[in-house]
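Notes to accompany the following structure.
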Amino acid sequence: INVSEFKKIQDLLSSNYGCNMKEIIEMRHDIHMHPEIGWKEFKTKAKIIAFLLKHGAREADIKYFSEPGFTVDITGNASPVGTTQILGLRTEMDALKMEELTNLPYASIIQGAAHMCGHDGHMATLLATADILLRYREKMPSNKTVRLIFQPAEEGGHGGEVMVNEGALKDVNEVYAYHNAGFTMGVISIIKGGAMTAGCGKFVIEVQGKGSHGAYPELGKDPITAICQTHCAIHTILSRSISGYEKGICTIGKINAGNAENVIPDSATMGGTIRIEKTEVEKEIKKHLEQIVEFVPKAFGCQGKITFMDSTPAVVNSKEHAGYLIEVAKSIVGEKYLVEESARASDDFSFMSNTVPGAYMFIGQCATGKQGVVNHNPHYDYNDCLLYTSPSPRDLSTSRMPSSA
């Protein structure tokens, strides 16, 4: 799908739904320029609430959870139809702890924070959806509600889990979310009854040795050599201890040791992640990690210790609800642009979709024929063309709630 085709969808939004996409894009750029990291999204929250109230949301319909997280219910005013339904649509609000190098006119002005994962675009999508639904609330049955879920701290902060524990999904029947992805613009990936993302767990390894002068290494126990050999051994787990038919990744992302070139330090640390789709594979990887960390450092006279952090489960689509999402996606981009591709990234939306049934999709954002810059890269930017698919959540709502607008 090319940009001109997306512009046609923009015209559809303006003419059929009355949605002001210029305002939505300006909102996205403002949020992008003023990013806030997990559990600090207070100014972002204030901007979103001001927008929603301006466009007709009711203060009484806003509920606050796990500050700065909140939900907004949009309930119809027309005569009730069928059974009571509450459909949840979730977006993340947090930025990454990194610098932006795009040189865009709306690039981040906040040091150490940047929307390099596209959460600014996800928020803007939900705002466009809210604008559309609020305009048609008079035609929505009074027993049908769309709950917009604005979640903090997705990037490792377990904001989704906290919001679930605090009751943000109370009475919700089904829940949905999406993420932009580094494949061709307009291509939508939905797996019907399977894992859309990997689960992710973090770990920290500490190796205790004995410091000494760099000229006399035999008088110490070198933790740097021990941790480097431990690092090498870790990368044999997946190739030699886990079936090639299983999906798993074990990555070391940081190693810290020493402060001077001529000093062998007392200790060294490293940290990494495990990414899997099945919990039994995660257990097997952790077992081998424990064995390696216990025995490899011993060969160098050192002691190893591993600590596992809380993990995020894989997002697994409900077959039924992924089917609903597929039908809506077909109506937006056509069947030929639908694929079934999972991702090795993780998303704590899994805590929501494990609580109530739901589904998750990826929408490609790279210009046709070009290799895009992937998320978490300092040169990344969300593609505003994706905002033109914002009828998708609205159409999902109406398809799941008969006789609504």
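Lettering and numbering for the structure tokens are positional, with chains as A, B, ... in the shown order, residues counted from 1 in each chain, and ligands counted from 1 in the shown order.
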
All strand (DSSP E or B) residues (DSSP, backbone) inside range 194-360 of chain A, as an MDAnalysis selection string: chainID A and resid 195 199:208 210 212:213 221 248:257 263:264 267:276 303:312 316 338:339 358:360

Selection: 9 Å around Ala153 in chain A, only C-alpha atoms, excl. self and same-chain fewer than 6 positions, as a VMD selection string: chain A and resid 37 to 41 69 92 to 95 159 to 160

Tell me, as a PDB file with N, CA, C and O atoms, in the first residue's frame, which residues lie within 7 Å of Leu101 in chain A, counting only C-alpha atoms; anything in the same chain fewer than 2 positions away does not count.
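result.pdb, written as the output of this step:
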ATOM      1  N   GLU A  99      18.285   8.450  23.583  1.00  0.00           N
ATOM      2  CA  GLU A  99      18.307   9.726  22.873  1.00  0.00           C
ATOM      3  C   GLU A  99      17.764   9.545  21.455  1.00  0.00           C
ATOM      4  O   GLU A  99      17.897   8.485  20.848  1.00  0.00           O
ATOM      5  N   ASN A 103      16.564  14.427  14.039  1.00  0.00           N
ATOM      6  CA  ASN A 103      16.592  15.825  13.582  1.00  0.00           C
ATOM      7  C   ASN A 103      15.259  16.284  12.999  1.00  0.00           C
ATOM      8  O   ASN A 103      15.200  17.247  12.218  1.00  0.00           O
ATOM      9  N   PRO A 378      17.711   5.023  17.346  1.00  0.00           N
ATOM     10  CA  PRO A 378      17.632   6.473  17.568  1.00  0.00           C
ATOM     11  C   PRO A 378      17.165   7.273  16.361  1.00  0.00           C
ATOM     12  O   PRO A 378      16.837   8.454  16.492  1.00  0.00           O
ATOM     13  N   HIS A 379      17.107   6.631  15.164  1.00  0.00           N
ATOM     14  CA  HIS A 379      16.650   7.317  13.953  1.00  0.00           C
ATOM     15  C   HIS A 379      15.212   6.942  13.586  1.00  0.00           C
ATOM     16  O   HIS A 379      14.709   7.345  12.532  1.00  0.00           O
TER      17      HIS A 379
END

Residue among A:Asn317, A:Ile188, A:Val175, A:Ser66 lying closest to Tyr337 in chain A, counting only C-alpha atoms: A:Ile188

Residue neighbourhood Leu87 in chain A, 6 Å, only C-alpha atoms, exclusion window fewer than 3 positions, as a count of residues only: 6

Residue neighbourhood range 232-237 of chain A, 8 Å, only C-alpha atoms, exclusion window fewer than 5 positions, as JSON, numbers by chain: {"A": [242, 250, 285, 288, 289, 292]}

Keeping only all heavy atoms, write the selected residues as a CSV table (one decimal), in the first residue's frame.
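And here's selection-v6.csv as it stands now:
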chain,number,residue,atom,x,y,z
A,242,ILE,N,18.5,-27.1,23.5
A,242,ILE,CA,17.1,-26.9,23.1
A,242,ILE,C,16.8,-27.3,21.7
A,242,ILE,O,17.6,-27.1,20.8
A,242,ILE,CB,16.7,-25.3,23.3
A,242,ILE,CG1,17.1,-24.8,24.7
A,242,ILE,CG2,15.3,-25.1,23.0
A,242,ILE,CD1,16.3,-25.4,25.8
A,250,CYS,N,18.5,-16.1,23.8
A,250,CYS,CA,19.1,-15.7,25.0
A,250,CYS,C,20.2,-14.6,24.6
A,250,CYS,O,21.1,-15.0,24.0
A,250,CYS,CB,19.7,-16.9,25.7
A,250,CYS,SG,20.2,-16.5,27.4
A,285,ILE,N,15.7,-23.3,29.6
A,285,ILE,CA,16.8,-22.4,29.4
A,285,ILE,C,17.3,-21.9,30.8
A,285,ILE,O,18.6,-21.8,31.0
A,285,ILE,CB,16.4,-21.1,28.6
A,285,ILE,CG1,16.1,-21.6,27.2
A,285,ILE,CG2,17.4,-20.0,28.6
A,285,ILE,CD1,15.5,-20.5,26.3
A,288,HIS,N,19.6,-24.5,32.4
A,288,HIS,CA,21.0,-24.5,31.9
A,288,HIS,C,21.8,-23.3,32.3
A,288,HIS,O,23.0,-23.3,32.5
A,288,HIS,CB,20.9,-24.7,30.4
A,288,HIS,CG,20.5,-26.0,29.9
A,288,HIS,ND1,21.3,-27.2,30.1
A,288,HIS,CD2,19.3,-26.5,29.4
A,288,HIS,CE1,20.7,-28.2,29.6
A,288,HIS,NE2,19.5,-27.8,29.2
A,289,LEU,N,21.1,-22.1,32.4
A,289,LEU,CA,21.8,-20.9,32.8
A,289,LEU,C,22.3,-21.1,34.2
A,289,LEU,O,23.5,-20.7,34.5
A,289,LEU,CB,20.8,-19.7,32.8
A,289,LEU,CG,20.6,-19.0,31.4
A,289,LEU,CD1,19.4,-18.0,31.5
A,289,LEU,CD2,21.9,-18.3,31.0
A,292,ILE,N,25.4,-23.3,34.1
A,292,ILE,CA,26.6,-22.7,33.6
A,292,ILE,C,27.2,-21.6,34.5
A,292,ILE,O,28.4,-21.6,34.8
A,292,ILE,CB,26.2,-22.0,32.2
A,292,ILE,CG1,26.0,-23.0,31.1
A,292,ILE,CG2,27.3,-21.0,31.8
A,292,ILE,CD1,25.4,-22.5,29.9

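Closest approach to Gly323 in chain A among A:Leu396, A:Ala257, A:Val373, A:Leu89 is made by A:Leu396 (distances from only C-alpha atoms).
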
List as a PDB file with N, CA, C and O atoms, in the first residue's frame the protein and nucleic acid residues near Gly272 in chain A, meaning an atom at most 10 Å away when only C-alpha atoms are counted, but skip any in the same chain fewer than 2 places from it.
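File written: part_19.pdb
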ATOM      1  N   GLY A 201      11.979 -12.545  29.827  1.00  0.00           N
ATOM      2  CA  GLY A 201      12.435 -12.472  31.210  1.00  0.00           C
ATOM      3  C   GLY A 201      13.851 -11.945  31.265  1.00  0.00           C
ATOM      4  O   GLY A 201      14.665 -12.224  30.383  1.00  0.00           O
ATOM      5  N   LYS A 202      14.155 -11.153  32.276  1.00  0.00           N
ATOM      6  CA  LYS A 202      15.499 -10.586  32.428  1.00  0.00           C
ATOM      7  C   LYS A 202      16.264 -11.347  33.512  1.00  0.00           C
ATOM      8  O   LYS A 202      15.676 -11.939  34.410  1.00  0.00           O
ATOM      9  N   PHE A 203      17.596 -11.294  33.415  1.00  0.00           N
ATOM     10  CA  PHE A 203      18.429 -11.896  34.451  1.00  0.00           C
ATOM     11  C   PHE A 203      19.711 -11.093  34.623  1.00  0.00           C
ATOM     12  O   PHE A 203      20.146 -10.372  33.719  1.00  0.00           O
ATOM     13  N   VAL A 204      20.289 -11.206  35.798  1.00  0.00           N
ATOM     14  CA  VAL A 204      21.576 -10.565  36.113  1.00  0.00           C
ATOM     15  C   VAL A 204      22.517 -11.629  36.646  1.00  0.00           C
ATOM     16  O   VAL A 204      22.127 -12.447  37.500  1.00  0.00           O
ATOM     17  N   ILE A 205      23.752 -11.647  36.140  1.00  0.00           N
ATOM     18  CA  ILE A 205      24.771 -12.610  36.590  1.00  0.00           C
ATOM     19  C   ILE A 205      25.894 -11.839  37.281  1.00  0.00           C
ATOM     20  O   ILE A 205      26.395 -10.843  36.747  1.00  0.00           O
ATOM     21  N   CYS A 250      18.451 -16.098  23.781  1.00  0.00           N
ATOM     22  CA  CYS A 250      19.091 -15.675  25.025  1.00  0.00           C
ATOM     23  C   CYS A 250      20.160 -14.645  24.649  1.00  0.00           C
ATOM     24  O   CYS A 250      21.124 -14.980  23.954  1.00  0.00           O
ATOM     25  N   THR A 251      19.963 -13.412  25.075  1.00  0.00           N
ATOM     26  CA  THR A 251      20.847 -12.317  24.673  1.00  0.00           C
ATOM     27  C   THR A 251      21.476 -11.653  25.892  1.00  0.00           C
ATOM     28  O   THR A 251      20.776 -11.333  26.858  1.00  0.00           O
ATOM     29  N   ILE A 252      22.794 -11.453  25.826  1.00  0.00           N
ATOM     30  CA  ILE A 252      23.485 -10.660  26.843  1.00  0.00           C
ATOM     31  C   ILE A 252      23.594  -9.235  26.309  1.00  0.00           C
ATOM     32  O   ILE A 252      24.162  -9.005  25.237  1.00  0.00           O
ATOM     33  N   GLY A 253      23.051  -8.274  27.047  1.00  0.00           N
ATOM     34  CA  GLY A 253      23.016  -6.895  26.582  1.00  0.00           C
ATOM     35  C   GLY A 253      23.995  -5.964  27.267  1.00  0.00           C
ATOM     36  O   GLY A 253      24.260  -4.868  26.775  1.00  0.00           O
ATOM     37  N   LYS A 254      24.557  -6.395  28.404  1.00  0.00           N
ATOM     38  CA  LYS A 254      25.528  -5.525  29.086  1.00  0.00           C
ATOM     39  C   LYS A 254      26.479  -6.342  29.944  1.00  0.00           C
ATOM     40  O   LYS A 254      26.099  -7.362  30.511  1.00  0.00           O
ATOM     41  N   ILE A 255      27.723  -5.888  29.994  1.00  0.00           N
ATOM     42  CA  ILE A 255      28.753  -6.467  30.860  1.00  0.00           C
ATOM     43  C   ILE A 255      29.489  -5.312  31.535  1.00  0.00           C
ATOM     44  O   ILE A 255      29.877  -4.348  30.878  1.00  0.00           O
ATOM     45  N   MET A 270      26.943  -9.111  34.456  1.00  0.00           N
ATOM     46  CA  MET A 270      26.341  -8.967  33.127  1.00  0.00           C
ATOM     47  C   MET A 270      24.850  -9.242  33.218  1.00  0.00           C
ATOM     48  O   MET A 270      24.370  -9.913  34.145  1.00  0.00           O
ATOM     49  N   ILE A 274      15.812 -13.471  28.212  1.00  0.00           N
ATOM     50  CA  ILE A 274      15.371 -14.727  27.611  1.00  0.00           C
ATOM     51  C   ILE A 274      14.062 -14.434  26.893  1.00  0.00           C
ATOM     52  O   ILE A 274      13.154 -13.824  27.472  1.00  0.00           O
ATOM     53  N   PHE A 308      17.045 -14.081  38.522  1.00  0.00           N
ATOM     54  CA  PHE A 308      16.027 -13.908  37.490  1.00  0.00           C
ATOM     55  C   PHE A 308      15.013 -12.856  37.930  1.00  0.00           C
ATOM     56  O   PHE A 308      14.536 -12.876  39.062  1.00  0.00           O
TER      57      PHE A 308
END

Neighbour list for Ala114 in chain A as a list in words, cut-off 10 Å, only C-alpha atoms, skip fewer than 4 positions in-chain: Ile31, His32, Met33, His34, Pro35, Glu36, Ile37, Asp94, Ala95, Leu96, Lys97, Met98, Glu99, Glu100, Leu101, Ala107, Ser108, Ile109, Ile110, Gly118, Asp120, His376, Pro378, Tyr380 and Asp381 of chain A

DSSP alpha helix (DSSP H) residues within range 145-393 of chain A, as an MDAnalysis selection string: chainID A and resid 159:165 223:234 237:240 279:295 319:333 350:353 391:393

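Distance check against Gly156 in chain A using only C-alpha atoms: of A:Arg90, A:Gly199, A:Ile264, A:His213, the minimum falls on A:Gly199.
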
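Atom to atom, CA of Ile49 in chain A and CA of Arg137 in chain A stand 18.0 Å apart.
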
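With distances restricted to only C-alpha atoms, A:Tyr382 is the closest residue to Asn180 in chain A from A:Tyr388, A:Tyr382, A:Tyr136, A:Phe295.
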
What are the closest atom pairs, with distances in Å to one decimal, for all residues of range 166-259 of chain A lying within 7 Å of range 298-303 of chain A? Consider only C-alpha atoms, order rows by chain and residue number, and present the result as JSON lines.
{"residue": "A:Val207", "atom": "CA", "partner": "A:Gln303", "partner_atom": "CA", "distance": 5.6}
{"residue": "A:Gln208", "atom": "CA", "partner": "A:Gln303", "partner_atom": "CA", "distance": 5.1}
{"residue": "A:Gly209", "atom": "CA", "partner": "A:Cys302", "partner_atom": "CA", "distance": 4.7}
{"residue": "A:Lys221", "atom": "CA", "partner": "A:Gly301", "partner_atom": "CA", "distance": 5.8}
{"residue": "A:Pro223", "atom": "CA", "partner": "A:Cys302", "partner_atom": "CA", "distance": 6.5}
{"residue": "A:Ala226", "atom": "CA", "partner": "A:Phe300", "partner_atom": "CA", "distance": 5.9}

Counting only C-alpha atoms, the option among A:Leu169, A:Ala177, A:Met196, A:Ala329 closest to His122 in chain A: A:Ala177

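Shortest atom-to-atom contact with Phe351 in chain A among A:Val164, A:Ala181, A:Ala268, A:Cys366: A:Val164, counting only C-alpha atoms.
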